[in-house]
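Asks: input-v9.tsv is the file, holding TSV, C-alpha atoms:
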chain	number	residue	atom	x	y	z
A	269	MET	CA	0.00	0.00	0.00
A	270	ILE	CA	1.30	3.43	-0.94
A	271	ARG	CA	1.26	5.89	1.93
A	272	ILE	CA	1.03	9.64	1.35
A	273	LYS	CA	2.36	12.09	3.90
A	274	ALA	CA	-0.41	13.75	5.83
A	275	GLY	CA	-1.10	17.39	5.18
A	276	VAL	CA	0.34	17.46	1.64
A	277	PRO	CA	-2.34	17.18	-1.07
A	278	ARG	CA	-1.36	14.93	-3.92
A	279	ARG	CA	-2.22	17.47	-6.62
A	280	ALA	CA	-0.23	20.21	-4.93
A	281	ARG	CA	3.08	18.40	-5.28
A	282	PRO	CA	3.80	19.24	-8.97
A	283	ARG	CA	3.42	22.94	-8.18
A	284	THR	CA	6.25	22.82	-5.67
A	285	ARG	CA	8.57	21.65	-8.46
A	286	PHE	CA	8.09	24.95	-10.24
A	287	ARG	CA	7.97	27.20	-7.18
A	288	ARG	CA	11.47	26.41	-5.99
A	289	PRO	CA	13.21	27.21	-9.31
A	290	LEU	CA	11.06	30.36	-9.57
A	291	ARG	CA	12.17	31.50	-6.09
A	292	ARG	CA	15.79	30.84	-6.95
A	293	ALA	CA	15.45	32.76	-10.19
A	294	LEU	CA	13.89	35.71	-8.37
A	295	ALA	CA	16.59	35.61	-5.72
A	296	LEU	CA	19.29	35.89	-8.40
A	297	GLY	CA	17.34	37.95	-10.93
A	298	LEU	CA	16.19	40.86	-8.79
A	299	PRO	CA	19.70	41.91	-7.67
A	300	THR	CA	20.81	41.61	-11.29
A	301	VAL	CA	17.97	43.87	-12.41
A	302	TRP	CA	18.82	46.44	-9.75
A	303	GLY	CA	22.45	46.42	-10.81
A	304	ALA	CA	21.54	46.72	-14.51
A	305	ILE	CA	19.32	49.73	-13.76
A	306	ALA	CA	22.15	51.48	-11.93
A	307	ILE	CA	24.67	50.82	-14.72
A	308	THR	CA	22.21	51.83	-17.45
A	309	TYR	CA	21.43	55.06	-15.66
A	310	LYS	CA	25.09	55.91	-15.25
A	311	LEU	CA	26.02	55.19	-18.86
A	312	THR	CA	22.99	56.39	-20.82
A	313	CYS	CA	21.21	59.08	-18.80
A	314	PRO	CA	22.43	62.62	-19.73
A	315	LEU	CA	21.71	63.83	-16.22
A	316	ALA	CA	24.22	61.36	-14.82
A	317	GLN	CA	26.97	62.92	-17.01
A	318	GLN	CA	26.51	66.40	-15.59
A	319	ASN	CA	28.55	67.74	-12.66
A	320	SER	CA	26.02	70.20	-11.27
A	321	LEU	CA	24.79	69.91	-7.71
A	322	GLY	CA	21.28	68.94	-8.78
A	323	ALA	CA	22.56	66.21	-11.09
A	324	ARG	CA	24.75	64.80	-8.34
A	325	ILE	CA	21.83	64.75	-5.91
A	326	VAL	CA	19.67	62.88	-8.42
A	327	THR	CA	22.46	60.41	-9.17
A	328	SER	CA	23.06	59.81	-5.47
A	329	ALA	CA	19.34	59.25	-4.92
A	330	VAL	CA	19.22	56.71	-7.76
A	331	PHE	CA	22.19	54.75	-6.43
A	332	PHE	CA	20.82	54.95	-2.88
A	333	ALA	CA	17.52	53.47	-4.09
A	334	VAL	CA	19.40	50.73	-5.95
A	335	GLY	CA	21.52	49.93	-2.89
A	336	THR	CA	18.47	49.88	-0.65
A	337	GLY	CA	16.75	47.47	-3.00
A	338	LEU	CA	19.77	45.16	-2.98
A	339	VAL	CA	19.98	45.23	0.81
A	340	VAL	CA	16.26	44.51	1.19
A	341	GLN	CA	16.46	41.62	-1.27
A	342	VAL	CA	19.49	40.09	0.43
A	343	ARG	CA	17.82	40.50	3.80
A	344	ARG	CA	14.69	38.72	2.61
A	345	SER	CA	16.77	35.86	1.22
A	346	LEU	CA	18.70	35.51	4.48
A	347	LEU	CA	15.53	35.58	6.57
A	348	ARG	CA	13.97	32.93	4.33
A	349	GLU	CA	17.02	30.69	4.73
A	350	LEU	CA	17.04	31.30	8.49
A	351	ARG	CA	13.40	30.22	8.74
A	352	GLN	CA	14.17	27.06	6.81
A	353	ILE	CA	17.16	26.29	9.04
A	354	ARG	CA	15.05	26.78	12.16
A	355	GLN	CA	12.37	24.48	10.77
A	356	ILE	CA	14.99	21.81	10.09
A	357	ALA	CA	16.50	22.30	13.55
A	358	GLY	CA	13.06	22.01	15.13
A	359	ALA	CA	12.38	18.78	13.24
A	360	ALA	CA	15.76	17.42	14.35
A	361	GLN	CA	15.01	18.33	17.95
A	362	ASN	CA	11.62	16.62	17.85
A	363	ALA	CA	13.25	13.49	16.43
A	364	LEU	CA	16.14	13.53	18.92
A	365	LEU	CA	14.52	14.90	22.09
A	366	ARG	CA	10.94	13.92	21.44
A	367	PRO	CA	8.32	16.01	23.25
A	368	LEU	CA	7.29	14.12	26.36
A	369	PRO	CA	3.62	13.52	27.09
A	370	PRO	CA	2.21	15.67	29.92
A	371	ARG	CA	1.04	12.53	31.73
A	372	LEU	CA	2.34	8.96	31.64
A	373	ASP	CA	1.11	6.07	33.77
A	374	GLY	CA	-0.11	8.32	36.58
A	375	LEU	CA	2.94	10.60	36.52
A	376	ASN	CA	2.75	14.24	35.47
A	377	ILE	CA	5.76	15.25	33.37
A	378	ALA	CA	7.41	18.53	32.45
A	379	ALA	CA	10.78	18.84	30.72
A	380	ALA	CA	12.83	21.46	28.90
A	381	GLN	CA	16.35	21.84	27.55
A	382	LEU	CA	18.44	24.96	26.96
A	383	SER	CA	21.51	24.88	24.72
A	384	ALA	CA	24.48	27.03	25.68
A	385	GLU	CA	25.53	27.42	22.04
A	386	ARG	CA	23.88	30.41	20.45
A	387	GLY	CA	21.60	29.47	17.58
A	388	ALA	CA	21.54	25.78	18.53
A	389	VAL	CA	18.22	24.20	19.43
A	390	VAL	CA	19.66	21.00	20.90
A	391	GLY	CA	22.80	20.42	22.91
A	392	GLY	CA	24.65	17.79	24.91
A	393	ASP	CA	21.90	16.98	27.44
A	394	LEU	CA	19.45	14.12	27.03
A	395	TYR	CA	16.33	12.81	28.74
A	396	GLU	CA	13.53	10.36	28.06
A	397	VAL	CA	10.61	8.82	29.94
A	398	ILE	CA	9.10	5.53	28.76
A	399	ALA	CA	6.30	3.42	30.23
A	400	THR	CA	7.21	-0.27	30.02
A	401	GLU	CA	5.94	-3.51	31.48
A	402	HIS	CA	8.77	-3.23	34.01
A	403	GLY	CA	7.65	0.21	35.21
A	404	VAL	CA	8.26	3.78	34.10
A	405	ARG	CA	11.91	4.06	33.10
A	406	VAL	CA	13.70	7.38	32.98
A	407	VAL	CA	17.09	8.40	31.62
A	408	MET	CA	18.86	11.69	32.24
A	409	GLY	CA	22.32	12.29	30.81
A	410	ASP	CA	24.96	14.85	30.02
A	411	VAL	CA	27.50	14.48	27.21
A	412	ARG	CA	30.95	16.01	27.63
A	413	GLY	CA	30.96	19.36	25.88
A	414	HIS	CA	27.89	21.16	24.62
A	415	GLY	CA	26.15	22.41	21.52
A	416	ILE	CA	26.08	20.83	18.08
A	417	ALA	CA	29.24	18.73	18.54
A	418	ALA	CA	27.54	16.55	21.17
A	419	ILE	CA	24.40	15.73	19.17
A	420	GLY	CA	25.81	12.50	17.68
A	421	THR	CA	26.56	11.05	21.11
A	422	VAL	CA	23.14	12.10	22.39
A	423	ALA	CA	21.49	10.30	19.47
A	424	ALA	CA	23.48	7.10	20.11
A	425	VAL	CA	22.62	6.96	23.82
A	426	LEU	CA	18.96	7.89	23.43
A	427	GLY	CA	18.42	5.46	20.57
A	428	SER	CA	19.85	2.62	22.62
A	429	PHE	CA	17.75	3.53	25.67
A	430	ARG	CA	14.50	3.58	23.71
A	431	GLU	CA	15.14	0.00	22.64
A	432	ALA	CA	16.67	-1.38	25.84
A	433	ALA	CA	14.01	0.11	28.13
A	434	HIS	CA	11.46	-2.30	26.67
A	435	ASP	CA	13.76	-5.28	26.06
A	436	GLU	CA	15.74	-5.54	29.30
A	437	PRO	CA	13.88	-6.87	32.36
A	438	GLU	CA	16.48	-5.47	34.78
A	439	LEU	CA	17.82	-1.92	34.99
A	440	PRO	CA	21.51	-3.01	34.96
A	441	GLY	CA	20.88	-4.62	31.57
A	442	VAL	CA	19.67	-1.27	30.24
A	443	LEU	CA	22.83	0.44	31.45
A	444	ARG	CA	25.06	-2.16	29.80
A	445	ARG	CA	23.23	-1.66	26.52
A	446	LEU	CA	23.84	2.09	26.74
A	447	ASP	CA	27.51	1.48	27.47
A	448	ARG	CA	27.91	-0.76	24.41
A	449	ALA	CA	26.09	1.72	22.19
A	450	LEU	CA	28.36	4.53	23.37
A	451	ALA	CA	31.48	2.42	22.74
A	452	ARG	CA	30.34	1.63	19.18
A	453	HIS	CA	29.60	5.28	18.51
A	454	LEU	CA	33.01	6.39	19.74
A	455	ARG	CA	34.78	3.74	17.64
A	456	GLU	CA	32.89	4.77	14.50
A	457	ARG	CA	33.56	8.42	15.20
A	458	ALA	CA	37.28	7.71	15.72
A	459	ARG	CA	37.48	5.82	12.41
A	460	ALA	CA	35.68	8.66	10.62
A	461	GLU	CA	38.01	11.31	12.05
A	462	HIS	CA	41.18	9.18	11.80
A	463	PRO	CA	40.72	6.60	9.00
A	464	ALA	CA	44.27	5.28	9.39
A	465	SER	CA	43.58	4.16	12.94
A	466	GLY	CA	41.80	0.83	13.11
A	467	ALA	CA	40.86	1.16	16.79
A	468	LEU	CA	40.16	3.89	19.28
A	469	ASP	CA	43.48	5.61	19.87
A	470	PRO	CA	43.99	6.49	23.56
A	471	GLU	CA	45.63	9.75	22.47
A	472	SER	CA	42.64	10.72	20.31
A	473	PRO	CA	40.29	13.41	21.65
A	474	VAL	CA	37.43	10.97	21.04
A	475	ALA	CA	38.89	8.67	23.72
A	476	GLU	CA	38.30	11.43	26.28
A	477	GLU	CA	34.57	11.61	25.58
A	478	PHE	CA	32.29	10.57	28.41
A	479	VAL	CA	28.62	10.66	29.31
A	480	THR	CA	27.05	10.93	32.75
A	481	VAL	CA	23.88	8.86	32.94
A	482	LEU	CA	21.15	8.50	35.54
A	483	LEU	CA	18.67	5.64	35.15
A	484	LEU	CA	15.51	5.45	37.26
A	485	GLU	CA	12.75	2.87	37.38
A	486	ILE	CA	9.47	3.81	39.06
A	487	GLY	CA	7.21	0.89	39.87
A	488	ARG	CA	3.45	0.94	40.00
A	489	ASP	CA	3.65	1.12	43.80
A	490	GLY	CA	5.93	4.16	43.53
A	491	GLU	CA	9.12	2.30	44.44
A	492	VAL	CA	12.13	4.00	42.85
A	493	ARG	CA	15.27	2.14	41.85
A	494	GLY	CA	18.26	3.78	40.23
A	495	LEU	CA	21.67	3.44	38.65
A	496	ASN	CA	23.96	6.44	38.49
A	497	CYS	CA	27.10	6.93	36.41
A	498	GLY	CA	28.58	10.26	37.44
A	499	HIS	CA	25.32	12.23	37.29
A	500	PRO	CA	23.77	14.39	40.04
A	501	TRP	CA	21.08	12.56	42.01
A	502	PRO	CA	17.67	14.18	41.57
A	503	TYR	CA	15.93	16.11	44.30
A	504	LEU	CA	12.85	14.72	46.04
A	505	LEU	CA	10.22	17.39	46.66
A	506	THR	CA	7.78	16.75	49.50
A	507	GLY	CA	5.76	19.89	50.03
A	508	SER	CA	8.37	22.59	50.53
A	509	ALA	CA	11.03	20.11	51.70
A	510	VAL	CA	13.81	19.45	49.15
A	511	GLU	CA	16.18	16.54	49.74
A	512	PRO	CA	18.46	14.45	47.50
A	513	LEU	CA	16.78	11.24	46.37
A	514	ALA	CA	19.86	9.23	47.37
A	515	ARG	CA	23.24	9.88	48.97
A	516	VAL	CA	25.05	6.90	47.46
A	517	ASP	CA	28.27	7.70	45.60
A	518	PRO	CA	27.71	7.29	41.84
A	519	LEU	CA	29.73	5.10	39.51
A	520	PRO	CA	32.25	6.73	37.14
A	521	PRO	CA	30.82	8.24	33.92
A	522	MET	CA	30.41	5.99	30.91
A	523	GLY	CA	33.14	6.06	28.30
A	524	PRO	CA	36.61	6.25	29.88
A	525	PHE	CA	36.12	3.34	32.29
A	526	PRO	CA	34.42	-0.05	31.85
A	527	LEU	CA	31.38	-0.83	33.92
A	528	PRO	CA	31.97	-3.04	36.97
A	529	THR	CA	31.03	-6.71	36.84
A	530	GLU	CA	28.22	-6.20	39.33
A	531	LEU	CA	26.16	-3.03	39.11
A	532	PRO	CA	24.82	-1.88	42.50
A	533	LEU	CA	21.15	-1.11	42.04
A	534	VAL	CA	20.13	1.66	44.46
A	535	ARG	CA	16.76	1.41	46.18
A	536	CYS	CA	15.56	4.98	46.71
A	537	GLY	CA	12.33	4.34	48.60
A	538	GLN	CA	8.90	5.27	47.28
A	539	LEU	CA	7.65	8.25	45.33
A	540	LEU	CA	4.40	8.82	47.19
A	541	PRO	CA	1.32	10.53	45.71
A	542	GLY	CA	1.80	14.30	45.76
A	543	GLU	CA	5.60	14.08	45.73
A	544	ALA	CA	7.89	15.06	42.86
A	545	LEU	CA	11.30	14.21	41.47
A	546	PHE	CA	13.42	17.03	40.06
A	547	LEU	CA	16.04	15.71	37.63
A	548	TYR	CA	18.62	18.05	36.17
A	549	THR	CA	22.04	18.29	34.55
A	550	ASP	CA	24.98	19.96	36.27
A	551	GLY	CA	24.61	23.04	34.06
A	552	ALA	CA	21.80	24.12	36.37
A	553	GLU	CA	23.95	24.16	39.51
A	554	ASP	CA	27.07	25.40	37.71
A	555	ALA	CA	25.42	28.55	36.30
A	556	ARG	CA	27.15	31.66	37.71
A	557	ASP	CA	26.18	35.28	38.02
A	558	THR	CA	28.42	38.30	37.40
A	559	ARG	CA	30.02	37.88	40.84
A	560	GLY	CA	30.88	34.23	40.19
A	561	ASP	CA	28.29	32.82	42.60
A	562	PHE	CA	26.69	29.49	41.66
A	563	PHE	CA	22.96	29.20	41.11
A	564	PRO	CA	21.31	28.17	44.44
A	565	LEU	CA	19.18	25.44	42.89
A	566	ARG	CA	18.07	23.79	46.11
A	567	ASP	CA	16.96	27.06	47.70
A	568	VAL	CA	15.09	28.08	44.54
A	569	LEU	CA	13.36	24.70	44.44
A	570	ALA	CA	12.21	25.08	48.04
A	571	GLU	CA	10.82	28.53	47.29
A	572	VAL	CA	9.12	27.44	44.07
A	573	ALA	CA	7.66	24.29	45.65
A	574	SER	CA	6.10	26.38	48.40
A	575	ARG	CA	4.30	28.52	45.79
A	576	HIS	CA	3.23	25.89	43.24
A	577	PRO	CA	1.30	22.69	43.90
A	578	LEU	CA	3.39	19.67	42.99
A	579	PRO	CA	0.88	18.19	40.51
A	580	ALA	CA	1.54	21.25	38.27
A	581	PRO	CA	5.13	20.65	37.11
A	582	GLN	CA	4.88	23.03	34.15
A	583	SER	CA	4.55	26.05	36.43
A	584	MET	CA	7.45	24.84	38.54
A	585	LEU	CA	9.58	24.29	35.43
A	586	GLY	CA	8.93	27.81	34.14
A	587	SER	CA	9.71	29.37	37.52
A	588	VAL	CA	13.02	27.53	37.85
A	589	PHE	CA	14.14	28.44	34.33
A	590	THR	CA	13.15	32.07	34.88
A	591	ALA	CA	15.23	32.23	38.07
A	592	LEU	CA	18.14	30.47	36.36
A	593	LEU	CA	18.23	32.85	33.39
A	594	ARG	CA	17.92	35.85	35.69
A	595	HIS	CA	20.83	34.58	37.78
A	596	ALA	CA	23.04	33.87	34.74
A	597	GLY	CA	22.17	37.16	33.07
A	598	GLY	CA	20.97	35.42	29.91
A	599	THR	CA	22.10	32.17	28.33
A	600	PRO	CA	24.22	30.06	30.71
A	601	THR	CA	27.68	28.81	29.76
A	602	ASP	CA	26.65	25.14	29.76
A	603	ASP	CA	23.66	23.19	28.48
A	604	VAL	CA	20.83	22.84	30.98
A	605	ALA	CA	18.13	20.17	31.02
A	606	ILE	CA	15.39	19.81	33.62
A	607	LEU	CA	12.86	17.01	34.01
A	608	ILE	CA	10.12	17.03	36.66
A	609	LEU	CA	8.02	13.98	37.55
A	610	THR	CA	5.14	14.26	40.01
A	611	ASN	CA	3.17	11.31	41.31
A	612	ASP	CA	-0.49	12.03	40.69
A	613	ARG	CA	-1.65	8.49	41.38
A	614	ARG	CA	-4.32	7.81	43.93
A	615	PRO	CA	-2.90	6.66	47.26
A	616	ALA	CA	-3.27	2.94	47.87
A	617	TRP	CA	-4.93	2.43	51.26
A	618	PRO	CA	-3.86	-0.68	53.19
A	619	THR	CA	-6.33	-3.56	53.07
A	620	SER	CA	-5.23	-5.02	56.42
A	621	GLY	CA	-3.61	-3.82	59.61
A	622	ALA	CA	-4.12	-0.50	61.37
A	623	GLN	CA	-5.12	2.43	59.21
A	624	GLY	CA	-2.15	4.68	58.53
A	625	CYS	CA	0.39	1.89	59.18
A	626	ASP	CA	1.75	-0.88	57.08
A	627	ILE	CA	1.64	-4.52	58.09
A	628	SER	CA	5.03	-4.33	59.82
A	629	GLY	CA	3.70	-1.61	62.13
A	630	SER	CA	5.68	1.32	60.76
A	631	ALA	CA	3.91	4.56	59.86
A	632	ALA	CA	2.44	4.63	56.38
A	633	GLY	CA	4.40	6.80	54.05
A	634	ALA	CA	7.64	6.38	55.97
A	635	ARG	CA	10.59	6.68	53.62
A	636	PRO	CA	13.47	4.22	53.98
A	637	ALA	CA	16.98	5.40	53.33
A	638	ALA	CA	18.37	4.77	49.86
A	639	THR	CA	20.52	1.68	49.78
A	640	ALA	CA	22.54	-0.12	47.15
A	641	GLN	CA	21.77	-3.67	46.17
A	642	HIS	CA	23.03	-6.20	43.68
A	643	PRO	CA	20.65	-6.92	40.79
A	644	THR	CA	18.93	-10.28	40.76
A	645	ASN	CA	15.84	-11.85	39.31
A	646	HIS	CA	14.64	-12.74	42.82
A	647	PRO	CA	13.92	-9.54	44.78
A	648	GLN	CA	13.30	-11.41	48.02
A	649	HIS	CA	16.98	-12.47	48.06
A	650	ASN	CA	18.44	-9.03	47.34
A	651	GLY	CA	21.34	-8.16	49.60
A	652	VAL	CA	21.53	-4.63	50.98
Please lay out the structure from this file as structure tokens.

Replies:
Amino acid sequence: MIRIKAGVPRRARPRTRFRRPLRRALALGLPTVWGAIAITYKLTCPLAQQNSLGARIVTSAVFFAVGTGLVVQVRRSLLRELRQIRQIAGAAQNALLRPLPPRLDGLNIAAAQLSAERGAVVGGDLYEVIATEHGVRVVMGDVRGHGIAAIGTVAAVLGSFREAAHDEPELPGVLRRLDRALARHLRERARAEHPASGALDPESPVAEEFVTVLLLEIGRDGEVRGLNCGHPWPYLLTGSAVEPLARVDPLPPMGPFPLPTELPLVRCGQLLPGEALFLYTDGAEDARDTRGDFFPLRDVLAEVASRHPLPAPQSMLGSVFTALLRHAGGTPTDDVAILILTNDRRPAWPTSGAQGCDISGSAAGARPAATAQHPTNHPQHNGV
């Protein structure tokens, strides 16, 4: 079956074949016409041959009009090309960092990314949220460097995550898939930049590339498990209280060092209804003002959380970005990505035991400290 792109009528396609050559001809022809008018006036008009003041004024006015026409035409051409480039960049951004749905499996989502490179729509930060049969899986990462040069690495990591999130039953398996995808990308990039080298040269700048990655898995009961390779742990927002989700030291970033044989899966407790996770890249905390002071992200989060209800992450996202740009005096020096997840699920009331307590007798909603565990297919045998 032949499929036609939506929004493009079939009969309208032949017209576009003639419009593009016509636009190109006008773009080249109009400046030529303006130049021919100026030369013809100078060579053939008797007034242009005179040296009187009036003749000079008329000649200057003619050449000024010709120059203005050329400038206007060039400006229109540049603006048209700029619009096309922005459309292409927007399409690339939507394909690379796909717009996240506002709600996914009972979680409200808000995300945004700001590139530090002027004119770039995407940069070196990455994020994705996917609902799978294993739970909602989240990735947040930061590629070394920023701007357009980091887009290839972002595409390699995100493409691998979108496949592995559904295929791998355990979170460590997802991380190993990302690590292999990054290694392949770096080898191919090294061969493209240095064809004579058959392998990744340790002295090559490509060998110094690394990616910080945070993987989270949120179960239906709100239990959060994570793996962290050199990335900042997200903040947990409970009312106006802002605390790190975990205090476990992360693994080294992916790229320069191989992953350990056993990956310690961190149990981060539960994301209860009404609570939020604030994921970010280090560009948010590293933004400085004119005095060199870092952006007080945690204090700003506490202030914003006290003003906005947690189930409205879009308002919180806008407030944080506004404060960040005001602090940095414009565009920050590093890429910034922010992802907010709020649990809008209905609280599950206990079916047995005292109301407000779990079966073990502890208060309902009590949050255990984040601990590291070794991955296994039998959760009841996990060692802490």

Asks: At a cut-off of 9 Å, can you tabulate as a tab-separated table every residue of segment 421-517 of chain A near segment 363-376 of chain A together with its closest atom pair and the distance in Å to one decimal, using all atoms listed in the file and ordering rows by chain then number?

Replies:
residue	atom	partner	partner_atom	distance
A:Val422	CA	A:Leu364	CA	7.9
A:Ala423	CA	A:Leu364	CA	6.3
A:Leu426	CA	A:Leu364	CA	7.8
A:Gly427	CA	A:Leu364	CA	8.5
A:Arg488	CA	A:Asp373	CA	8.4

Asks: Mind giving me the straight-line distance from atom CA of Ala424 of chain A to atom CA of Pro518 of chain A in Å, one decimal?

Replies: 22.1 Å

Asks: Taking all atoms listed in the file into account, which of A:Pro437, A:Gly409, A:Gly560, A:Gly507 comes nearest Met522 of chain A?

Replies: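 When distances to Met522 of chain A are compared using all atoms listed in the file, the smallest one comes from A:Gly409.
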
Asks: Which distance in Å separates atom CA of Gly337 of chain A and atom CA of Ile356 of chain A, to one decimal?

Replies: 28.9 Å

Asks: So how far away is atom CA of Pro600 of chain A from atom CA of Arg556 of chain A, in Å?

Replies: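 Atom CA of Pro600 of chain A lies 7.8 Å from atom CA of Arg556 of chain A.
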
Asks: Pick the closest to Gly403 of chain A from A:Val492, A:Leu347, A:Val334, A:Ala432: which is it, counting all atoms listed in the file?

Replies: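 Using all atoms listed in the file, Gly403 of chain A sits closest to A:Val492.
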
Asks: Determine, counting all atoms listed in the file, which protein, DNA and RNA residues have an atom within 7 Å of an atom of Thr599 of chain A; residues of the same chain fewer than 3 positions away are not included. Present the result as a list in words.

Replies: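 Within the cut-off, the hits are Ala384, Leu593 and Ala596 of chain A.
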